[in-house]
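S.K.: Contents are compact mmCIF, C-alpha atoms; file name upload_26.txt:
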# COMPACT_ATOMS: atom_id res chain seq x y z
CA MET A 3 36.30 59.35 15.85
CA LYS A 4 33.99 57.05 13.90
CA LEU A 5 30.87 58.77 12.61
CA LEU A 6 27.78 57.27 10.99
CA VAL A 7 25.70 59.76 9.00
CA LEU A 8 22.19 58.64 8.11
CA GLY A 9 21.78 60.41 4.77
CA GLY A 10 24.80 62.57 4.13
CA SER A 11 24.18 63.60 0.52
CA ASP A 12 22.31 66.88 1.02
CA PHE A 13 22.63 70.17 2.92
CA VAL A 14 23.09 69.57 6.67
CA GLY A 15 24.04 65.92 6.27
CA ARG A 16 26.54 66.74 3.56
CA SER A 17 27.99 69.51 5.71
CA ALA A 18 28.40 67.00 8.55
CA VAL A 19 30.28 64.61 6.29
CA GLU A 20 32.60 67.34 5.05
CA HIS A 21 33.29 68.68 8.55
CA ALA A 22 34.08 65.23 9.90
CA LEU A 23 36.42 64.52 6.99
CA GLU A 24 38.23 67.80 7.67
CA LEU A 25 38.78 66.47 11.20
CA GLN A 26 40.14 63.26 9.65
CA TRP A 27 37.40 61.17 11.20
CA ASP A 28 36.35 57.77 9.88
CA VAL A 29 32.99 58.48 8.20
CA THR A 30 30.29 56.03 7.10
CA VAL A 31 27.12 57.13 5.32
CA LEU A 32 23.88 55.23 4.88
CA ASN A 33 21.60 56.42 2.09
CA ARG A 34 19.85 55.25 -1.05
CA GLY A 35 22.91 55.91 -3.19
CA THR A 36 21.12 58.20 -5.62
CA THR A 37 23.79 60.89 -5.13
CA ALA A 38 27.49 60.14 -5.34
CA SER A 39 29.24 60.24 -1.98
CA ASP A 40 32.68 61.57 -1.21
CA PRO A 41 35.18 58.81 -2.11
CA ARG A 42 36.76 59.12 1.33
CA VAL A 43 33.67 57.77 3.12
CA THR A 44 32.39 54.24 3.54
CA GLN A 45 29.20 54.11 1.48
CA LEU A 46 26.39 51.87 2.67
CA ARG A 47 23.08 51.67 0.86
CA GLY A 48 19.62 51.46 2.30
CA ASP A 49 16.19 53.09 2.14
CA ARG A 50 15.11 53.80 5.71
CA ARG A 51 11.44 53.59 4.75
CA ALA A 52 11.83 50.15 3.14
CA SER A 53 11.80 46.74 4.75
CA GLY A 54 15.40 45.77 5.41
CA GLY A 55 16.56 49.31 4.76
CA LEU A 56 18.87 49.22 7.78
CA ASP A 57 20.40 45.82 7.08
CA SER A 58 23.78 47.28 6.12
CA ILE A 59 24.25 48.80 9.61
CA ARG A 60 23.25 45.72 11.59
CA GLU A 61 26.92 45.28 12.38
CA GLY A 62 29.61 47.80 13.22
CA ASN A 63 30.38 50.30 15.96
CA TRP A 64 30.53 54.08 15.85
CA ASP A 65 31.33 56.85 18.28
CA MET A 66 28.33 58.86 17.14
CA VAL A 67 25.39 58.87 14.76
CA PHE A 68 24.16 61.96 12.91
CA ASP A 69 20.51 61.94 11.82
CA THR A 70 18.47 64.70 10.13
CA TRP A 71 15.24 62.74 9.44
CA SER A 72 12.19 65.00 9.29
CA TRP A 73 9.12 62.83 9.00
CA GLU A 74 7.87 59.51 10.41
CA PRO A 75 9.24 59.20 13.96
CA GLY A 76 9.16 55.43 13.58
CA VAL A 77 12.06 55.67 11.15
CA VAL A 78 14.20 57.33 13.83
CA ALA A 79 12.99 54.81 16.40
CA GLN A 80 14.18 51.88 14.26
CA SER A 81 17.66 53.25 13.64
CA ALA A 82 18.15 54.47 17.22
CA ALA A 83 17.03 51.18 18.73
CA MET A 84 19.28 49.22 16.39
CA LEU A 85 22.34 51.36 17.17
CA ALA A 86 21.87 52.03 20.90
CA GLY A 87 24.32 49.31 21.95
CA ARG A 88 26.85 50.04 19.22
CA ALA A 89 27.14 53.84 19.12
CA GLY A 90 28.32 56.26 21.76
CA SER A 91 25.84 59.04 21.05
CA TYR A 92 22.99 59.93 18.72
CA ILE A 93 22.79 63.44 17.27
CA TYR A 94 19.27 64.18 16.08
CA VAL A 95 18.86 67.43 14.15
CA SER A 96 15.45 68.61 15.25
CA SER A 97 13.75 72.00 15.04
CA ARG A 98 12.48 74.80 17.23
CA SER A 99 9.16 74.02 15.54
CA VAL A 100 8.63 71.52 18.36
CA TYR A 101 7.69 74.41 20.68
CA ASP A 102 4.06 75.31 21.19
CA GLU A 103 3.68 78.93 20.03
CA PRO A 104 6.94 80.19 21.55
CA GLU A 105 7.24 83.84 22.45
CA ALA A 106 10.28 86.14 22.47
CA GLY A 107 12.84 84.86 24.95
CA ALA A 108 11.68 81.24 24.77
CA ASN A 109 14.34 78.61 25.41
CA GLU A 110 14.64 74.83 25.78
CA THR A 111 12.21 74.83 28.73
CA TRP A 112 9.30 76.09 26.61
CA PRO A 113 6.35 73.63 26.33
CA THR A 114 6.37 71.46 23.23
CA VAL A 115 3.44 70.76 20.92
CA GLN A 116 0.82 68.39 22.24
CA GLY A 117 -1.66 65.93 20.75
CA PRO A 118 -1.55 63.59 17.77
CA GLY A 119 -0.67 64.67 14.27
CA GLU A 120 1.66 64.10 11.35
CA ASP A 121 2.76 67.69 10.81
CA TYR A 122 6.41 68.71 10.74
CA ALA A 123 6.51 69.86 14.38
CA ARG A 124 5.07 66.65 15.77
CA CYS A 125 7.24 64.50 13.53
CA LYS A 126 10.36 66.27 14.74
CA LEU A 127 9.24 65.97 18.36
CA GLY A 128 8.54 62.27 17.80
CA GLY A 129 12.03 61.88 16.37
CA GLU A 130 13.50 63.48 19.47
CA GLN A 131 11.51 61.18 21.72
CA ALA A 132 12.60 58.13 19.74
CA ALA A 133 16.28 59.09 19.94
CA ALA A 134 16.01 59.79 23.67
CA ALA A 135 14.16 56.54 24.33
CA ALA A 136 17.01 54.54 22.82
CA PHE A 137 20.04 56.59 23.89
CA GLY A 138 18.86 58.41 27.02
CA ALA A 139 21.31 61.12 28.07
CA ARG A 140 23.51 60.15 25.12
CA ALA A 141 20.98 61.65 22.70
CA LEU A 142 21.88 65.18 21.60
CA LEU A 143 18.76 66.95 20.36
CA VAL A 144 19.76 69.86 18.13
CA ARG A 145 16.81 72.22 17.78
CA ALA A 146 17.67 74.40 14.82
CA GLY A 147 15.76 77.35 13.42
CA LEU A 148 16.37 78.89 10.00
CA ILE A 149 19.32 77.05 8.45
CA LEU A 150 21.32 78.70 5.66
CA GLY A 151 24.56 78.01 3.82
CA PRO A 152 26.06 76.04 0.94
CA TYR A 153 24.09 73.01 -0.33
CA GLU A 154 20.79 74.47 0.86
CA ASN A 155 18.01 72.37 -0.65
CA ILE A 156 15.02 74.52 0.33
CA SER A 157 16.11 77.48 -1.83
CA ARG A 158 15.56 80.35 0.56
CA LEU A 159 18.95 82.04 0.30
CA PRO A 160 19.59 80.60 -3.20
CA TRP A 161 16.37 82.24 -4.42
CA TRP A 162 17.51 85.65 -3.21
CA LEU A 163 20.96 85.19 -4.70
CA ASN A 164 19.56 84.15 -8.07
CA ARG A 165 17.00 86.96 -8.02
CA ILE A 166 19.55 89.66 -7.19
CA GLY A 167 22.27 88.15 -9.34
CA GLN A 168 20.07 88.12 -12.43
CA GLU A 169 19.88 91.91 -12.47
CA ARG A 170 23.52 92.04 -13.46
CA SER A 171 23.13 89.51 -16.25
CA LEU A 172 19.98 91.15 -17.65
CA ARG A 173 21.59 94.54 -18.25
CA SER A 174 22.57 95.06 -21.85
CA ASP A 175 23.65 98.70 -21.63
CA GLN A 176 26.13 99.93 -19.04
CA ASN A 177 24.26 103.25 -18.92
CA GLU A 178 20.95 101.60 -18.15
CA ARG A 179 19.64 102.03 -14.61
CA ALA A 180 20.11 98.98 -12.44
CA GLY A 181 17.04 96.86 -11.93
CA ASP A 182 14.87 97.18 -8.83
CA VAL A 183 14.49 94.26 -6.47
CA LEU A 184 11.61 94.20 -4.00
CA ALA A 185 13.13 94.13 -0.52
CA PRO A 186 10.69 93.34 2.31
CA GLY A 187 10.92 95.75 5.21
CA PRO A 188 11.60 96.94 7.69
CA ALA A 189 15.24 96.90 6.58
CA ASP A 190 16.49 96.61 10.16
CA LEU A 191 14.34 93.53 10.86
CA ALA A 192 16.37 91.30 13.19
CA LEU A 193 17.06 87.74 12.06
CA GLN A 194 18.13 84.63 13.92
CA TYR A 195 19.53 81.73 11.89
CA ILE A 196 22.43 79.27 11.73
CA ASP A 197 24.90 78.41 9.01
CA ALA A 198 24.71 74.65 8.46
CA ARG A 199 28.48 74.41 8.92
CA ASP A 200 28.27 76.09 12.34
CA LEU A 201 25.43 73.76 13.29
CA VAL A 202 27.32 70.58 12.44
CA GLY A 203 30.62 71.83 13.82
CA TRP A 204 29.04 72.54 17.18
CA SER A 205 26.96 69.35 17.18
CA LEU A 206 29.85 66.99 16.41
CA GLY A 207 32.09 68.72 18.93
CA ALA A 208 29.41 68.67 21.62
CA ALA A 209 28.71 64.97 21.09
CA ALA A 210 32.43 64.21 21.20
CA ARG A 211 32.49 65.87 24.65
CA GLY A 212 29.58 63.70 25.80
CA LEU A 213 26.95 66.44 25.72
CA GLY A 214 23.31 65.33 25.59
CA GLY A 215 19.80 66.72 25.87
CA ALA A 216 18.03 69.51 24.00
CA TYR A 217 19.78 72.64 22.70
CA ASP A 218 18.47 75.49 20.59
CA VAL A 219 21.20 75.85 17.98
CA VAL A 220 20.81 79.15 16.14
CA SER A 221 22.56 82.52 16.26
CA ARG A 222 21.74 85.11 18.85
CA PRO A 223 18.75 87.33 17.95
CA GLY A 224 19.77 90.11 15.60
CA HIS A 225 22.94 88.38 14.42
CA ALA A 226 21.93 89.81 11.03
CA THR A 227 19.19 92.04 9.66
CA MET A 228 17.17 91.77 6.47
CA ARG A 229 19.22 94.67 5.08
CA GLU A 230 22.49 92.88 5.82
CA VAL A 231 21.31 89.67 4.15
CA LEU A 232 20.21 91.38 0.95
CA GLN A 233 23.18 93.74 0.82
CA ALA A 234 25.43 90.72 1.21
CA CYS A 235 23.63 89.15 -1.76
CA VAL A 236 24.27 92.28 -3.82
CA ALA A 237 27.95 92.24 -2.86
CA ALA A 238 28.46 88.51 -3.44
CA THR A 239 26.84 88.56 -6.88
CA ARG A 240 28.39 91.94 -7.83
CA SER A 241 24.93 92.90 -8.94
CA ASP A 242 23.69 96.29 -10.10
CA ALA A 243 20.37 95.66 -8.38
CA ARG A 244 18.80 98.43 -6.34
CA LEU A 245 16.97 97.26 -3.24
CA ARG A 246 13.51 98.86 -3.11
CA TRP A 247 12.32 98.54 0.47
CA VAL A 248 8.58 97.94 0.83
CA GLU A 249 6.90 98.05 4.22
CA PRO A 250 4.98 95.06 5.62
CA ASP A 251 1.53 96.67 5.46
CA ILE A 252 1.88 97.19 1.71
CA LEU A 253 3.03 93.62 1.19
CA SER A 254 0.16 92.32 3.32
CA ALA A 255 -2.37 94.35 1.33
CA ALA A 256 -0.93 92.86 -1.85
CA GLY A 257 -1.46 89.35 -0.46
CA VAL A 258 2.24 88.48 -0.35
CA GLN A 259 2.94 85.35 1.69
CA PRO A 260 5.81 85.75 4.16
CA TRP A 261 8.43 83.00 4.31
CA THR A 262 7.35 81.36 1.03
CA GLU A 263 6.90 84.12 -1.57
CA LEU A 264 9.61 86.20 0.11
CA PRO A 265 11.94 83.60 1.64
CA ILE A 266 13.52 84.19 5.06
CA TRP A 267 11.27 87.22 5.69
CA ILE A 268 8.53 87.26 8.34
CA PRO A 269 7.10 90.68 9.27
CA PRO A 270 7.34 92.00 12.84
CA GLY A 271 4.92 90.33 15.21
CA ALA A 272 4.34 87.11 17.09
CA ASP A 273 5.33 84.82 14.21
CA HIS A 274 8.58 86.72 13.73
CA ASP A 275 9.40 86.56 17.44
CA SER A 276 8.71 82.83 17.59
CA LEU A 277 11.46 82.23 15.01
CA HIS A 278 13.87 85.11 15.46
CA ALA A 279 13.84 86.04 19.16
CA SER A 280 14.73 82.89 21.08
CA ASP A 281 17.13 82.66 24.01
CA VAL A 282 20.11 80.57 22.88
CA SER A 283 22.37 81.18 25.86
CA LYS A 284 22.51 77.45 26.67
CA ALA A 285 24.20 76.50 23.39
CA PHE A 286 26.46 79.56 23.38
CA ALA A 287 27.62 78.65 26.88
CA GLU A 288 28.69 75.33 25.38
CA GLY A 289 30.75 76.93 22.63
CA LEU A 290 28.32 77.68 19.79
CA ARG A 291 29.55 80.42 17.46
CA ALA A 292 27.93 81.93 14.37
CA ARG A 293 29.96 83.20 11.43
CA PRO A 294 29.11 86.55 9.77
CA ILE A 295 26.20 86.61 7.34
CA GLN A 296 28.54 87.96 4.64
CA GLU A 297 30.56 84.74 4.76
CA THR A 298 27.46 82.55 4.63
CA VAL A 299 26.07 84.46 1.64
CA ALA A 300 29.36 84.58 -0.28
CA ASP A 301 30.05 80.87 0.19
CA THR A 302 26.49 79.98 -0.80
CA TRP A 303 26.88 82.03 -4.00
CA THR A 304 30.18 80.31 -4.82
CA TRP A 305 28.53 76.91 -4.43
CA LEU A 306 25.43 78.02 -6.36
CA GLN A 307 27.57 79.10 -9.30
CA SER A 308 29.24 75.67 -9.28
CA VAL A 309 25.84 74.09 -10.01
CA ASN A 310 24.87 76.78 -12.54
CA GLY A 311 22.40 78.33 -10.14
CA GLU A 312 20.20 75.25 -10.16
CA ALA A 313 20.26 73.87 -6.65
CA SER A 314 18.22 70.76 -5.93
CA THR A 315 15.13 71.31 -3.81
CA ARG A 316 13.38 68.99 -1.40
CA ARG A 317 10.17 67.48 -2.67
CA ASP A 318 8.59 67.64 0.78
CA ARG A 319 8.79 71.46 0.91
CA PRO A 320 6.68 73.97 -1.06
CA PRO A 321 8.41 76.05 -3.76
CA VAL A 322 9.51 79.51 -2.70
CA GLY A 323 9.81 82.88 -4.38
CA LEU A 324 7.74 85.76 -5.70
CA SER A 325 6.95 85.63 -9.41
CA ALA A 326 8.45 88.32 -11.63
CA ASP A 327 4.99 89.58 -12.61
CA ARG A 328 3.85 89.92 -9.00
CA GLU A 329 7.03 91.67 -7.98
CA ALA A 330 6.81 94.13 -10.89
CA ALA A 331 3.15 94.89 -10.14
CA ILE A 332 3.82 95.59 -6.46
CA LEU A 333 6.78 97.86 -7.23
CA ALA A 334 4.72 99.70 -9.83
CA ASP A 335 1.96 100.28 -7.27
CA VAL A 336 4.51 101.60 -4.79
CA GLU A 337 5.92 104.00 -7.35
CA ARG A 338 2.45 105.28 -8.23
CA ALA A 339 1.66 105.80 -4.55
CA GLU A 340 4.89 107.76 -4.17
CA GLY A 341 3.98 109.89 -7.18
CA ARG A 342 7.00 108.81 -9.19
Here is the file; what I need is its structure written in the form of structure tokens.
M.R.:
Amino acid sequence: MKLLVLGGSDFVGRSAVEHALELQWDVTVLNRGTTASDPRVTQLRGDRRASGGLDSIREGNWDMVFDTWSWEPGVVAQSAAMLAGRAGSYIYVSSRSVYDEPEAGANETWPTVQGPGEDYARCKLGGEQAAAAAFGARALLVRAGLILGPYENISRLPWWLNRIGQERSLRSDQNERAGDVLAPGPADLALQYIDARDLVGWSLGAAARGLGGAYDVVSRPGHATMREVLQACVAATRSDARLRWVEPDILSAAGVQPWTELPIWIPPGADHDSLHASDVSKAFAEGLRARPIQETVADTWTWLQSVNGEASTRRDRPPVGLSADREAAILADVERAEGR
């Protein structure tokens, strides 16, 4: 198979390149060239936002295109229109953010956001519409949710790994009590996510079989819990950290921001259900599988160590993580309330 990856140097795009190379496909990448590409790929340079940024793909034919673009839909429209007659299918990695306030059990039939706007949800929906306009039924719209795994450039799982892993490195005395790490409860909070490698493996295979249309591509609800994620971080880092579970009402009273200050975590309620309780039976019927959270966490830690714990982060996303001072203050308040 001949694959064209638009981007291909970070996270999901990089995972797509690596998966296709493992399949011994012929891979071409188009990007700005600011990050070195695998020497086994054909490297083309171009800035999709710039005039003439697609000139290097004006010729050539591919079996499929893989595109993760998140912002201006017009960028997707240009590439899709240019490639419609020279590519078999167009995989557009979208998001379940395109749904309008989805509830538990929502699936691909749920209404999408309406009205003008330049927010993430509307940009992703516009990208879907652009891909479908050019490729029709040959457009595979991959609506992901929370994406984790090696090369993550948003720093949700890397933040937890670094936070828990540092407890081991900070201990100077083997008899000293392990450090406490604030763990947002409830511990059995069900999570729904997808490892980037499972996302790309399913997407490339589905496109190769001629699949098109919209699919929610995340694990089944409850594939992991908050406890399992954080315990996997402790195991992977071989940390001495002790998880100190703090209930949502305490965190709310302290003004802690879910998702950003405590990555991955959203307390029980409508917002949690919109992200972690969707019906993904359509994709699973077409072969989607999700690896265990322990494997995702361990592999992410291995990669993170290879870059000295300093993963690159996207400039278009806010920083994540609770400051050390805020964490210590909240844990101290909890201990006082418990009379310790």
S.K.: Could you list, with a cut-off of 12 Å and counting all atoms listed in the file, the residues of region 175-276 of chain A near region 101-112 of chain A, each shown with its nearest atom pair and the distance in Å rounded to one decimal, rows sorted by chain and ascending number, as CSV?
M.R.:
residue,atom,partner,partner_atom,distance
A:Gln194,CA,A:Ala106,CA,11.7
A:Gly215,CA,A:Glu110,CA,9.6
A:Ala216,CA,A:Glu110,CA,6.6
A:Tyr217,CA,A:Glu110,CA,6.4
A:Asp218,CA,A:Glu110,CA,6.5
A:Val219,CA,A:Glu110,CA,10.2
A:Val220,CA,A:Asn109,CA,11.3
A:Arg222,CA,A:Gly107,CA,10.8
A:Pro223,CA,A:Gly107,CA,9.5
A:Pro270,CA,A:Ala106,CA,11.6
A:Gly271,CA,A:Ala106,CA,9.9
A:Ala272,CA,A:Glu105,CA,6.9
A:Asp273,CA,A:Glu103,CA,8.4
A:His274,CA,A:Ala106,CA,8.9
A:Asp275,CA,A:Ala106,CA,5.1
A:Ser276,CA,A:Pro104,CA,5.1
S.K.: Quick one: everything within 10 Å of Ala210 (chain A), counting only C-alpha atoms, minus sequence neighbours fewer than 2 positions away in the same chain. Send it as JSON, numbers by chain.
M.R.: {"A": [3, 65, 66, 90, 91, 204, 205, 206, 207, 208, 212, 213]}
S.K.: Quick one, how far is CA of Pro188 (chain A) from CA of Ala339 (chain A)?
M.R.: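 If I compute the distance from CA of Pro188 (chain A) to CA of Ala339 (chain A), I get 18.1 Å.
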S.K.: When you count all atoms listed in the file, which of these residues is closest to Asp182 (chain A): A:Asp242, A:Glu154, A:Glu263, A:Glu120?
M.R.: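 Once distances to Asp182 (chain A) are computed over all atoms listed in the file, the minimum belongs to A:Asp242.
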S.K.: Interatomic distance between CA of Pro160 (chain A) and CA of Arg199 (chain A)?
M.R.: 16.3 Å
S.K.: Neighbours of region 248-260 of chain A within 8 Å (all atoms listed in the file; same-chain residues fewer than 2 positions away dropped), as a list in words?
M.R.: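 Contacts, with the query itself left out: Leu184, Ala185, Pro186, Gly187, Pro188, Arg246, Thr262, Glu263, Leu264, Pro265, Ile266, Trp267, Ile268, Pro269, Ile332 and Val336 of chain A.
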S.K.: Env of Val31 (chain A): 8 Å cut, atoms = all atoms listed in the file, seq-sep filter 6 positions within chain, self excluded. Answer as a ChimeraX atom specification.
M.R.: /A:6-10,43-46
S.K.: Just C-alpha atoms for this one: save the residues we selected as a PDB file, keeping the file's coordinate frame.
M.R.:
ATOM      1  CA  LEU A   6      27.780  57.270  10.990  1.00  0.00           C
ATOM      2  CA  VAL A   7      25.700  59.760   9.000  1.00  0.00           C
ATOM      3  CA  LEU A   8      22.190  58.640   8.110  1.00  0.00           C
ATOM      4  CA  GLY A   9      21.780  60.410   4.770  1.00  0.00           C
ATOM      5  CA  GLY A  10      24.800  62.570   4.130  1.00  0.00           C
ATOM      6  CA  VAL A  43      33.670  57.770   3.120  1.00  0.00           C
ATOM      7  CA  THR A  44      32.390  54.240   3.540  1.00  0.00           C
ATOM      8  CA  GLN A  45      29.200  54.110   1.480  1.00  0.00           C
ATOM      9  CA  LEU A  46      26.390  51.870   2.670  1.00  0.00           C
TER      10      LEU A  46
END
S.K.: I'd like the interatomic distance between CA of Asn310 (chain A) and CA of Thr37 (chain A), to a tenth of an Å.
M.R.: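 Distance between the two atoms: 17.6 Å.
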S.K.: So that I can check the surroundings of region 125-141 of chain A, please list as a VMD selection string every protein, DNA and RNA residue that reaches within 10 Å of it, counting all atoms listed in the file and ignoring chain neighbours fewer than 5 positions away.
M.R.: chain A and resid 66 to 67 69 to 87 89 to 101 114 to 116 118 to 120 209 212 to 216
S.K.: Just checking: using all atoms listed in the file, which residue out of A:Val322, A:Ala123, A:Leu150, A:Ala292 ends up closest to Gly203 (chain A)?
M.R.: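 For Gly203 (chain A), the nearest of the candidates is A:Ala292.
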S.K.: Looking at A:Gly224, A:Asp190, A:Ile149, A:Pro320, which one is nearest to Trp247 (chain A), with distances taken over all atoms listed in the file?
M.R.: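 Among the listed residues, A:Asp190 lies closest to Trp247 (chain A).
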S.K.: Quick one: what's the axis-aligned box for region 124-138 of chain A, all listed atoms, 4 Å on every side, centre and edges in Å to one decimal, as AutoDock Vina command-line options?
M.R.:
--center_x 12.6 --center_y 60.6 --center_z 20.3 --size_x 23.0 --size_y 20.1 --size_z 21.5
